[in-house]
>>> print(open('entry-v4.csv').read())   # CSV, C-alpha atoms
chain,number,residue,atom,x,y,z
D,1,MET,CA,16.5,3.0,-6.3
D,2,PHE,CA,13.3,1.2,-5.3
D,3,VAL,CA,10.5,2.0,-2.8
D,4,ASP,CA,8.4,-0.6,-1.1
D,5,SER,CA,5.2,1.4,-1.1
D,6,HIS,CA,3.2,-1.0,1.1
D,7,CYS,CA,4.6,-3.4,3.7
D,8,HIS,CA,3.6,-4.5,7.3
D,9,LEU,CA,6.9,-4.4,9.1
D,10,ASP,CA,5.2,-4.9,12.5
D,11,ARG,CA,3.7,-8.1,11.2
D,12,LEU,CA,7.0,-9.8,10.2
D,13,ASP,CA,7.1,-11.6,13.5
D,14,LYS,CA,10.7,-10.8,14.0
D,15,SER,CA,12.9,-9.6,16.8
D,16,PRO,CA,14.2,-6.0,16.5
D,17,GLU,CA,17.6,-7.3,15.4
D,18,ALA,CA,16.0,-9.5,12.7
D,19,LEU,CA,14.0,-6.5,11.5
D,20,ARG,CA,17.1,-4.5,11.2
D,21,GLU,CA,18.7,-7.3,9.2
D,22,THR,CA,15.7,-7.5,6.9
D,23,LEU,CA,15.7,-3.8,6.2
D,24,ASP,CA,19.5,-3.9,5.6
D,25,PHE,CA,19.0,-6.7,3.1
D,26,ALA,CA,16.5,-4.5,1.3
D,27,ARG,CA,18.8,-1.5,1.4
D,28,ARG,CA,21.6,-3.5,-0.1
D,29,ARG,CA,19.3,-4.4,-3.0
D,30,GLY,CA,18.6,-0.7,-3.6
D,31,VAL,CA,15.3,-0.2,-1.7
D,32,GLU,CA,15.6,3.4,-0.3
D,33,HIS,CA,12.2,3.8,1.5
D,34,PHE,CA,9.5,1.7,3.1
D,35,LEU,CA,5.9,2.6,3.9
D,36,CYS,CA,4.7,0.6,6.9
D,37,VAL,CA,0.9,0.4,6.6
D,38,SER,CA,-1.5,0.2,9.5
D,39,VAL,CA,-4.4,-2.3,9.7
D,40,SER,CA,-5.7,-1.2,13.2
D,41,VAL,CA,-5.8,2.1,15.0
D,42,ASN,CA,-5.4,0.1,18.2
D,43,ASP,CA,-2.1,-1.3,17.0
D,44,TYR,CA,-0.9,1.9,15.5
D,45,PRO,CA,1.1,3.1,18.5
D,46,MET,CA,3.0,-0.2,18.7
D,47,MET,CA,3.6,-0.2,15.0
D,48,VAL,CA,5.1,3.3,15.2
D,49,GLU,CA,7.3,2.1,18.1
D,50,THR,CA,8.5,-0.8,16.1
D,51,VAL,CA,9.8,1.3,13.2
D,52,ALA,CA,10.7,4.5,15.1
D,53,GLU,CA,14.4,4.1,14.8
D,54,PHE,CA,14.4,3.9,11.0
D,55,ASP,CA,14.5,7.2,9.2
D,56,ASP,CA,13.7,5.6,5.9
D,57,VAL,CA,10.4,4.1,7.1
D,58,SER,CA,7.1,6.1,6.9
D,59,VAL,CA,3.8,5.0,8.4
D,60,SER,CA,0.1,5.2,7.7
D,61,CYS,CA,-2.9,5.1,10.1
D,62,GLY,CA,-6.2,3.3,9.5
D,63,VAL,CA,-8.4,0.2,9.9
D,64,HIS,CA,-8.3,-2.6,7.4
D,65,PRO,CA,-11.8,-3.6,6.1
D,66,LEU,CA,-11.2,-7.1,7.6
D,67,HIS,CA,-10.5,-5.7,11.0
D,68,GLN,CA,-13.9,-4.2,11.7
D,69,ASP,CA,-13.9,-5.7,15.1
D,70,GLU,CA,-11.4,-3.0,15.8
D,71,ALA,CA,-13.3,-0.2,14.1
D,72,CYS,CA,-13.1,3.3,15.6
D,73,SER,CA,-15.1,6.5,15.3
D,74,TYR,CA,-14.4,9.2,12.8
D,75,GLU,CA,-13.1,11.4,15.6
D,76,GLU,CA,-10.8,8.7,16.9
D,77,LEU,CA,-9.4,8.1,13.5
D,78,LEU,CA,-8.9,11.8,12.8
D,79,ALA,CA,-7.1,12.3,16.0
D,80,ALA,CA,-4.7,9.3,15.4
D,81,ALA,CA,-4.2,10.1,11.7
D,82,SER,CA,-3.4,13.8,12.4
D,83,ASP,CA,-0.1,12.7,13.9
D,84,ASP,CA,2.8,14.3,12.1
D,85,LYS,CA,4.4,10.9,11.6
D,86,VAL,CA,1.5,9.7,9.4
D,87,VAL,CA,1.9,10.2,5.7
D,88,ALA,CA,-1.2,8.4,4.5
D,89,ILE,CA,-4.7,7.2,5.6
D,90,GLY,CA,-5.4,3.5,5.6
D,91,GLU,CA,-5.4,0.9,4.7
D,92,THR,CA,-9.1,1.1,4.3
D,93,GLY,CA,-11.6,0.0,1.7
D,94,LEU,CA,-14.0,-2.9,1.0
D,95,ASP,CA,-13.5,-6.6,1.1
D,96,TYR,CA,-16.6,-8.6,0.2
D,97,TYR,CA,-14.6,-11.8,-0.7
D,98,TYR,CA,-13.7,-12.6,2.9
D,99,SER,CA,-16.2,-10.6,4.9
D,100,ALA,CA,-19.4,-9.6,3.1
D,101,ASP,CA,-21.3,-10.0,6.4
D,102,THR,CA,-19.7,-6.8,7.7
D,103,ARG,CA,-20.6,-4.8,4.6
D,104,GLU,CA,-22.5,-2.0,6.4
D,105,VAL,CA,-19.7,-1.5,8.9
D,106,GLN,CA,-17.0,-1.6,6.1
D,107,VAL,CA,-18.9,1.1,4.1
D,108,GLN,CA,-19.1,3.4,7.1
D,109,SER,CA,-15.5,2.9,8.0
D,110,PHE,CA,-14.4,3.5,4.4
D,111,ILE,CA,-16.4,6.8,4.3
D,112,ASP,CA,-14.9,7.9,7.5
D,113,HIS,CA,-11.4,7.2,6.1
D,114,ILE,CA,-12.2,9.3,3.0
D,115,ARG,CA,-13.4,12.1,5.2
D,116,VAL,CA,-10.2,12.0,7.3
D,117,ALA,CA,-8.1,12.1,4.1
D,118,ASN,CA,-10.1,15.1,2.9
D,119,GLU,CA,-9.6,16.8,6.3
D,120,THR,CA,-5.9,16.1,6.7
D,121,GLY,CA,-4.9,16.3,3.0
D,122,LYS,CA,-3.2,12.9,3.3
D,123,PRO,CA,-3.6,10.3,0.6
D,124,LEU,CA,-5.7,7.1,0.9
D,125,ILE,CA,-4.4,3.6,0.8
D,126,ILE,CA,-7.3,1.4,-0.4
D,127,HIS,CA,-7.8,-2.4,-0.2
D,128,THR,CA,-10.6,-3.6,-2.5
D,129,ARG,CA,-11.8,-7.1,-3.3
D,130,ASP,CA,-15.1,-8.2,-4.9
D,131,ALA,CA,-16.3,-4.6,-4.5
D,132,ARG,CA,-15.3,-2.9,-7.7
D,133,GLN,CA,-18.3,-0.8,-8.4
D,134,GLU,CA,-19.1,0.2,-4.9
D,135,THR,CA,-15.4,1.2,-4.2
D,136,ILE,CA,-15.4,3.6,-7.2
D,137,GLU,CA,-18.9,4.9,-6.4
D,138,LEU,CA,-18.0,5.7,-2.8
D,139,LEU,CA,-14.8,7.5,-3.9
D,140,LYS,CA,-16.8,9.6,-6.4
D,141,ALA,CA,-19.4,10.4,-3.8
D,142,HIS,CA,-17.1,11.4,-1.0
D,143,LEU,CA,-13.7,12.5,-2.3
D,144,ALA,CA,-12.9,16.2,-1.9
D,145,PRO,CA,-11.1,17.9,-4.9
D,146,GLY,CA,-7.4,17.2,-4.7
D,147,THR,CA,-7.6,14.1,-2.4
D,148,GLN,CA,-5.6,11.3,-4.0
D,149,GLY,CA,-4.6,7.8,-3.1
D,150,VAL,CA,-3.7,4.3,-4.3
D,151,LEU,CA,-5.5,1.1,-4.9
D,152,HIS,CA,-2.9,-1.2,-3.3
D,153,CYS,CA,-2.1,-4.8,-4.2
D,154,PHE,CA,-4.3,-4.4,-7.2
D,155,THR,CA,-5.9,-7.6,-8.5
D,156,GLU,CA,-9.0,-6.2,-10.3
D,157,ASP,CA,-9.6,-5.5,-14.0
D,158,LEU,CA,-8.3,-2.8,-16.3
D,159,ALA,CA,-11.7,-1.0,-16.3
D,160,MET,CA,-11.4,-0.5,-12.5
D,161,ALA,CA,-7.8,0.6,-12.8
D,162,GLU,CA,-8.8,3.2,-15.4
D,163,ALA,CA,-11.7,4.4,-13.3
D,164,ALA,CA,-9.4,4.9,-10.3
D,165,ILE,CA,-6.8,6.7,-12.4
D,166,GLU,CA,-9.5,9.0,-13.7
D,167,LEU,CA,-10.1,10.0,-10.1
D,168,GLY,CA,-6.4,10.8,-9.7
D,169,PHE,CA,-5.4,7.6,-8.0
D,170,TYR,CA,-2.4,5.3,-8.5
D,171,ILE,CA,-2.3,1.6,-9.0
D,172,SER,CA,0.1,-0.5,-6.9
D,173,LEU,CA,1.2,-3.9,-8.0
D,174,SER,CA,2.5,-6.6,-5.7
D,175,GLY,CA,4.2,-10.0,-6.1
D,176,ILE,CA,0.8,-11.4,-7.3
D,177,VAL,CA,1.7,-10.0,-10.7
D,178,THR,CA,4.5,-12.6,-11.0
D,179,PHE,CA,2.2,-15.6,-10.5
D,180,LYS,CA,1.4,-17.8,-13.5
D,181,SER,CA,-2.3,-17.5,-12.7
D,182,ALA,CA,-2.2,-13.7,-13.0
D,183,ALA,CA,-2.5,-13.3,-16.7
D,184,GLU,CA,-5.3,-10.7,-16.5
D,185,LEU,CA,-3.3,-8.7,-13.9
D,186,GLN,CA,-0.2,-8.9,-16.1
D,187,GLU,CA,-2.3,-7.3,-18.9
D,188,VAL,CA,-3.2,-4.5,-16.5
D,189,ALA,CA,0.5,-4.0,-15.6
D,190,LYS,CA,1.3,-3.6,-19.3
D,191,ALA,CA,-1.6,-1.2,-20.0
D,192,ILE,CA,-1.7,1.4,-17.2
D,193,PRO,CA,0.3,4.6,-17.5
D,194,LEU,CA,3.8,4.2,-15.9
D,195,GLU,CA,3.3,7.6,-14.3
D,196,ARG,CA,0.4,6.1,-12.3
D,197,MET,CA,2.1,2.9,-11.1
D,198,LEU,CA,3.5,2.0,-7.7
D,199,ILE,CA,5.2,-1.3,-6.6
D,200,GLU,CA,5.0,-3.0,-3.3
D,201,THR,CA,5.5,-6.3,-1.4
D,202,ASP,CA,2.6,-6.3,1.1
D,203,SER,CA,5.1,-8.3,3.2
D,204,PRO,CA,5.0,-10.6,5.0
D,205,TRP,CA,2.4,-11.9,2.6
D,206,LEU,CA,2.3,-12.7,-1.2
D,207,ALA,CA,6.0,-13.2,-1.9
D,208,PRO,CA,6.8,-13.0,-5.6
D,209,VAL,CA,8.2,-15.7,-7.8
D,210,PRO,CA,10.8,-17.3,-7.1
D,211,TYR,CA,10.0,-16.9,-3.4
D,212,ARG,CA,6.3,-17.8,-3.6
D,213,GLY,CA,5.2,-19.7,-0.6
D,214,LYS,CA,7.8,-18.3,1.7
D,215,PRO,CA,7.5,-15.3,4.0
D,216,ASN,CA,7.7,-12.1,2.0
D,217,GLN,CA,10.0,-9.2,2.8
D,218,PRO,CA,10.6,-5.6,1.5
D,219,GLY,CA,13.8,-6.6,-0.4
D,220,TYR,CA,11.7,-8.7,-2.8
D,221,VAL,CA,10.1,-5.6,-4.3
D,222,VAL,CA,13.1,-5.8,-6.7
D,223,GLU,CA,11.6,-9.0,-8.2
D,224,VAL,CA,8.2,-7.3,-8.7
D,225,ALA,CA,10.0,-4.4,-10.5
D,226,GLU,CA,12.0,-6.7,-12.7
D,227,PHE,CA,9.0,-8.7,-13.7
D,228,ILE,CA,6.9,-5.7,-14.6
D,229,ALA,CA,9.8,-4.1,-16.5
D,230,ASN,CA,10.1,-7.2,-18.6
D,231,LEU,CA,6.4,-7.2,-19.3
D,232,ARG,CA,6.5,-3.6,-20.5
D,233,GLY,CA,9.8,-4.0,-22.4
D,234,ILE,CA,11.6,-1.4,-20.4
D,235,SER,CA,14.7,-1.5,-18.1
D,236,THR,CA,14.3,-2.2,-14.4
D,237,LYS,CA,16.1,1.1,-13.8
D,238,ALA,CA,13.4,3.0,-15.7
D,239,LEU,CA,10.7,1.2,-13.9
D,240,ALA,CA,12.3,1.9,-10.5
D,241,GLU,CA,12.9,5.5,-11.3
D,242,ALA,CA,9.3,6.1,-12.4
D,243,THR,CA,7.7,4.2,-9.5
D,244,THR,CA,9.9,5.9,-6.9
D,245,ALA,CA,9.1,9.3,-8.3
D,246,ASN,CA,5.4,8.4,-8.2
D,247,PHE,CA,5.7,7.4,-4.6
D,248,TYR,CA,7.2,10.7,-3.5
D,249,ARG,CA,4.7,12.6,-5.6
D,250,LEU,CA,1.7,10.8,-3.9
D,251,PHE,CA,3.2,10.5,-0.4
D,252,SER,CA,4.7,13.9,-0.3
D,253,LEU,CA,5.2,13.8,3.5
D,254,ALA,CA,7.5,10.8,3.2
D,255,LYS,CA,11.2,11.5,3.2
D,256,SER,CA,13.8,9.8,1.1
D,257,THR,CA,17.1,8.7,2.8
D,258,GLU,CA,18.9,11.4,0.8
D,259,LYS,CA,16.5,14.0,2.3
D,260,VAL,CA,17.0,12.7,5.8
D,261,ALA,CA,20.8,12.6,5.4
D,262,SER,CA,20.9,16.2,4.3
D,263,ALA,CA,18.4,17.5,6.9
>>> encode(input="entry-v4.csv", output="structure tokens")
Amino acid sequence: MFVDSHCHLDRLDKSPEALRETLDFARRRGVEHFLCVSVSVNDYPMMVETVAEFDDVSVSCGVHPLHQDEACSYEELLAAASDDKVVAIGETGLDYYYSADTREVQVQSFIDHIRVANETGKPLIIHTRDARQETIELLKAHLAPGTQGVLHCFTEDLAMAEAAIELGFYISLSGIVTFKSAAELQEVAKAIPLERMLIETDSPWLAPVPYRGKPNQPGYVVEVAEFIANLRGISTKALAEATTANFYRLFSLAKSTEKVASA
């Protein structure tokens, strides 16, 4: 069974019926759980409402670094993220590729998210682009012992992956790893320890080959798994079992469908 460790179900731009069909398609392909990730605290209540009927969907709470026009205070973030429904904090982080002009605001927001993760004991979901050194430095400076997280949709180099793993973090790979232009990332996918790997779609964006250029969806996490398994010379089943176990180890508040069914 697979897990889509990072998707934006509220951004699929689909009717409730279409969303159900999309999730049913993923379930038929063996995807047992979905983590719907927040990009705005303002949109968090609507996101939760969108996925409330699905027992196999968990949610996070946070402000994406490119959504700083919707930034909130530490106190507002802590209040929202303390909701029992929330299994993770984020996504947060730094993006100097698209929005270096908001650098100071991004840094403060990132620190606030780290503090909320420390306070709640919930793991961080981190977006990082063109900010390798500062991302790691801020984590080293502000993480409390035991606070963990994941660098999601990882596109950086092996040195950054190893630095994050040393801090207790996981590395999540998306459909980008299947692109012909992603040779360096494919080397990262082969090199990092399997026990520190997650897989994701980041849907509705970044569909993997052979769906590149089309809207992404959680069911396509299977192609991500198959590609990485082939790179590493292991079975897709082994890759799926390892990344699924890693997901529940990191996001311990998430429930598998088996746990929900037996509750």
>>> residues_around(input="entry-v4.csv", residues="Val116 in chain D", least_positions_apart="4", cutoff="12 Å", atoms="all atoms listed in the file", output="number ranges by chain")
D: 61-62, 73-82, 88-90, 92, 109-112, 120-124, 142-144, 147
>>> write_last_selection(input="entry-v4.csv", atoms="C-alpha atoms", output="CSV table (one decimal), in the coordinates of the input")
chain,number,residue,atom,x,y,z
D,61,CYS,CA,-2.9,5.1,10.1
D,62,GLY,CA,-6.2,3.3,9.5
D,73,SER,CA,-15.1,6.5,15.3
D,74,TYR,CA,-14.4,9.2,12.8
D,75,GLU,CA,-13.1,11.4,15.6
D,76,GLU,CA,-10.8,8.7,16.9
D,77,LEU,CA,-9.4,8.1,13.5
D,78,LEU,CA,-8.9,11.8,12.8
D,79,ALA,CA,-7.1,12.3,16.0
D,80,ALA,CA,-4.7,9.3,15.4
D,81,ALA,CA,-4.2,10.1,11.7
D,82,SER,CA,-3.4,13.8,12.4
D,88,ALA,CA,-1.2,8.4,4.5
D,89,ILE,CA,-4.7,7.2,5.6
D,90,GLY,CA,-5.4,3.5,5.6
D,92,THR,CA,-9.1,1.1,4.3
D,109,SER,CA,-15.5,2.9,8.0
D,110,PHE,CA,-14.4,3.5,4.4
D,111,ILE,CA,-16.4,6.8,4.3
D,112,ASP,CA,-14.9,7.9,7.5
D,120,THR,CA,-5.9,16.1,6.7
D,121,GLY,CA,-4.9,16.3,3.0
D,122,LYS,CA,-3.2,12.9,3.3
D,123,PRO,CA,-3.6,10.3,0.6
D,124,LEU,CA,-5.7,7.1,0.9
D,142,HIS,CA,-17.1,11.4,-1.0
D,143,LEU,CA,-13.7,12.5,-2.3
D,144,ALA,CA,-12.9,16.2,-1.9
D,147,THR,CA,-7.6,14.1,-2.4
>>> closest_residue(input="entry-v4.csv", among="D:His64, D:His152, D:His6, D:Lys214", to="Gly93 in chain D", atoms="only C-alpha atoms")
D:His64
>>> atom_distance(input="entry-v4.csv", atom1="CA of Cys153 in chain D", atom2="CA of Ile171 in chain D")
8.0 Å
>>> closest_residue(input="entry-v4.csv", among="D:Leu138, D:Gly233, D:Asp43, D:Tyr220", to="Ser203 in chain D", atoms="all atoms listed in the file")
D:Tyr220
>>> residues_around(input="entry-v4.csv", residues="range 206-212 of chain D", least_positions_apart="4", cutoff="6 Å", atoms="all atoms listed in the file", output="JSON, numbers by chain")
{"D": [175, 178, 216]}
>>> atom_distance(input="entry-v4.csv", atom1="CA of Ala141 in chain D", atom2="CA of Ala117 in chain D")
13.9 Å
